[in-house]
Amino acid sequence: MFGFHYRLERKTIPFVLAIIGAASIGGFVEIAPLFTIHQTVESAPNMRVYTPLELAGRNIYIREGCYACHSQMIRTLRDDVERYGHYSLAVESKYDHPMLWGSKRTGPDLARIGGKYSDAWHVIHLNNPRDVVPESVMPAYTWLKRTELRTADLRLHLKALREVGVPYTDDMIANAPADAYGQANPGTPLADGVIKRYGETTDVNAFDGSPGNVTEMDALVAYLQILGRLTDVASNGPAAGAAEP
Amino acid sequence: MGIGERDPHTGHMTTGHEWNGITELNTPVPRPVYVFLAAAALFAILYWVLMPAWPTGGSYTKGLLGYDQRAAVAESLREAALGRAALTKKIAAEGFDAITADRDLMDTVRQTGRALFGDNCAACHGREATGNKGFPNLTTASWLWGGSPETIAETIRVGINSAHPDSRTSQMPAFGRDGVLPRIEIENVVAYVKSLSEPQSARGHEAAVAAGRKVFASTCAACHGEQGTGNSELGTPNLADQFWIYGGDSETLVKTVWGGRQGQMPTWEARLTPVERKILALYVYDLRRRQ
């Protein structure tokens, strides 16, 4: 073996080819499993897309670096499943670009936080976590509630996501800023448009407690309240029941 | 330049390269490195055989061990449930009275309940269940929807103003914002409500309190009761005791009457099992009993 290498490293072209061969093993090992993707990723035909308001909230989640302390990935471990619910399925992140699975938990996992607490709690907690959880080390995000949400560029965000495979319709893209306003203002004509385009079960609420405007708090709370609820495949689909003893 | 010659000091060959009289030793790679390299390669091959590894067109190799993380977590959950089976069965079968009378069972409820409460309820109601502004204190005698274990369990199941179809519903209208009461009447009724729990606060404001009493009788008493003691059928709070959800100072009370209150508690039916909800109800009920 030693003699072989000794001779090989004295011949340039064969040595280069050998390096390429050895280095490509790593790539191959990472790429090969992707050929089984149709088998390992579940299907969720009724999964809905993020509304423009939720998408704006998701962008705020990324902007504020929430992913640095909160994961969105319930692992296939007993402790995780007993505390956070059914383990995360691959299909549940299919509209996430980029995914926000994370790898560090200073705070709890948020993959199924949607609906766990009330909107009012989220608003108080984001504004100053110590108001409801005295021992919390989470920073206060006081500016969310007083910052008007920028909705003018939402069409472009939806369009970009359609480029990578999220099934937004032309109608959804054209009405994105109006839908962002409508979802945070129940009882307005714009709110009806949200229901029409994104389905009956869409949360239409004055998320930050003050109707009449759309703040960054509205967007972030709307996003947090939909986490884990885009599809019910985990509770009703083929993988259901695994978490129930 | 000739291929190496033996170095007299180390006994190894040189590479044959020479720079200004300095030659380079051609020390062979130590044997243990090869041993570890071979062991790692062998491990990789074995692992490919034993574990799911390679795509094969329509499927993939499942591995001799047939290991599946999802099956593994299901199995460990089953085992855990089996370990708890005796207790969960007992808690599921027995009535609330029987459980509260059973000392051993209540010890379990206190332990398990504390973990469940910490995970699910403490965010709003506080770790010690003493509440926060807007989220009721659960250790007092003051209950919106009744404080028996049965009613607590039902509240946990359906929530308050929640998305559950059977949700308990109780919304205080915005008397000021919606123009039901003018500002002066709101201030009068607040003075009266404050005097219910703090009779000394009425001193010097007798006229306002008297006017507020009339407003209260016509506008508030339907839900909060003639004496303002609340109604657990409607989920209206007792205004005559010392416990406040949003605060009992005049400023907060004016805000409450002006803008109404639509406090929300989520439904836990989908998130927690019936036994878990029963344990939580007993745990919360027990908090006050223990004081």
# chains A, B, ... in the order shown; residues from 1 in each chain; ligands from 1
call {"tool": "closest_atom_pairs", "arguments": {"of": "chain A", "to": "chain B", "cutoff": "8 Å", "atoms": "only C-alpha atoms", "output": "tab-separated table"}}
result
residue	atom	partner	partner_atom	distance
A:Ala32	CA	B:Pro55	CA	6.6
A:Pro33	CA	B:Pro55	CA	6.3
A:Phe35	CA	B:Pro55	CA	6.4
A:Thr36	CA	B:Pro55	CA	6.1
A:Gln39	CA	B:Ser59	CA	7.4
A:Thr76	CA	B:Val73	CA	5.7
A:Leu77	CA	B:Val73	CA	5.6
A:Arg78	CA	B:Val73	CA	5.9
A:Arg83	CA	B:Asp119	CA	7.0
A:Gly85	CA	B:Arg271	CA	7.4
A:Gly115	CA	B:Pro266	CA	6.7
A:Lys116	CA	B:Pro266	CA	6.3
A:Tyr117	CA	B:Pro266	CA	6.1
A:Ser118	CA	B:Gln264	CA	6.0
A:Ala120	CA	B:Gln264	CA	7.8
A:Trp121	CA	B:Cys124	CA	6.8
A:Asp131	CA	B:Asn132	CA	7.5
A:Val132	CA	B:Asn132	CA	6.0
A:Val133	CA	B:Ala123	CA	6.1
A:Ala242	CA	B:Ala74	CA	5.2
A:Ala243	CA	B:Ala74	CA	6.4
A:Glu244	CA	B:Leu77	CA	7.7
A:Pro245	CA	B:Arg78	CA	4.9
call {"tool": "residues_around", "arguments": {"residues": "Gly102 in chain A", "least_positions_apart": "6", "cutoff": "10 Å", "atoms": "only C-alpha atoms", "output": "MDAnalysis selection string"}}
result
chainID A and resid 66:73 109
call {"tool": "residues_around", "arguments": {"residues": "Leu8 in chain A", "least_positions_apart": "6", "cutoff": "9 Å", "atoms": "only C-alpha atoms", "output": "PyMOL selection string"}}
result
chain A and resi 14-15+18
call {"tool": "residues_around", "arguments": {"residues": "Thr188 in chain A", "least_positions_apart": "2", "cutoff": "12 Å", "atoms": "only C-alpha atoms", "output": "VMD selection string"}}
result
chain A and resid 178 to 179 181 to 186 190 to 195 204 to 206 211 to 213
call {"tool": "select_by_dssp", "arguments": {"residues": "range 28-243 of chain A", "states": "alpha helix (DSSP H)", "output": "VMD selection string"}}
result
chain A and resid 28 to 31 37 to 40 52 to 63 78 to 84 119 to 127 154 to 163 170 to 174 176 to 183 189 to 198 216 to 226 233 to 236
call {"tool": "closest_residue", "arguments": {"among": "B:Arg261, B:Arg110, B:His205, B:Lys90", "to": "Ala174 in chain B", "atoms": "only C-alpha atoms"}}
result
B:Arg261
call {"tool": "residues_around", "arguments": {"residues": "Glu150 in chain B", "least_positions_apart": "4", "cutoff": "9 Å", "atoms": "only C-alpha atoms", "output": "VMD selection string"}}
result
chain B and resid 96 146 154 to 155 278 281 to 282
call {"tool": "atom_distance", "arguments": {"atom1": "CA of Pro32 in chain B", "atom2": "CA of Gly16 in chain B"}}
result
26.0 Å
call {"tool": "residues_around", "arguments": {"residues": "Arg288 in chain B", "least_positions_apart": "6", "cutoff": "12 Å", "atoms": "only C-alpha atoms", "output": "list in words"}}
result
Glu128, Ala129, Thr130, Asn137, Leu138, Thr139, Thr140, Ala141, Ser142, Trp143, Gly147, Ser148, Pro149, Ala281 and Leu282 of chain B
call {"tool": "residues_around", "arguments": {"residues": "Pro167 in chain A", "least_positions_apart": "4", "cutoff": "9 Å", "atoms": "only C-alpha atoms", "output": "count of residues only"}}
result
4
call {"tool": "select_by_dssp", "arguments": {"residues": "range 45-275 of chain B", "states": "strand (DSSP E or B)", "output": "list of chain:residue names"}}
result
B:Pro55, B:Thr56, B:Ser59, B:Tyr60, B:Asn132, B:Phe135, B:Ile160, B:Arg168, B:Met172, B:Asn231, B:Thr236, B:Arg261, B:Met265
call {"tool": "closest_residue", "arguments": {"among": "A:Asp80, A:Ile19, A:Arg112, A:Glu92", "to": "His5 in chain A", "atoms": "only C-alpha atoms"}}
result
A:Ile19
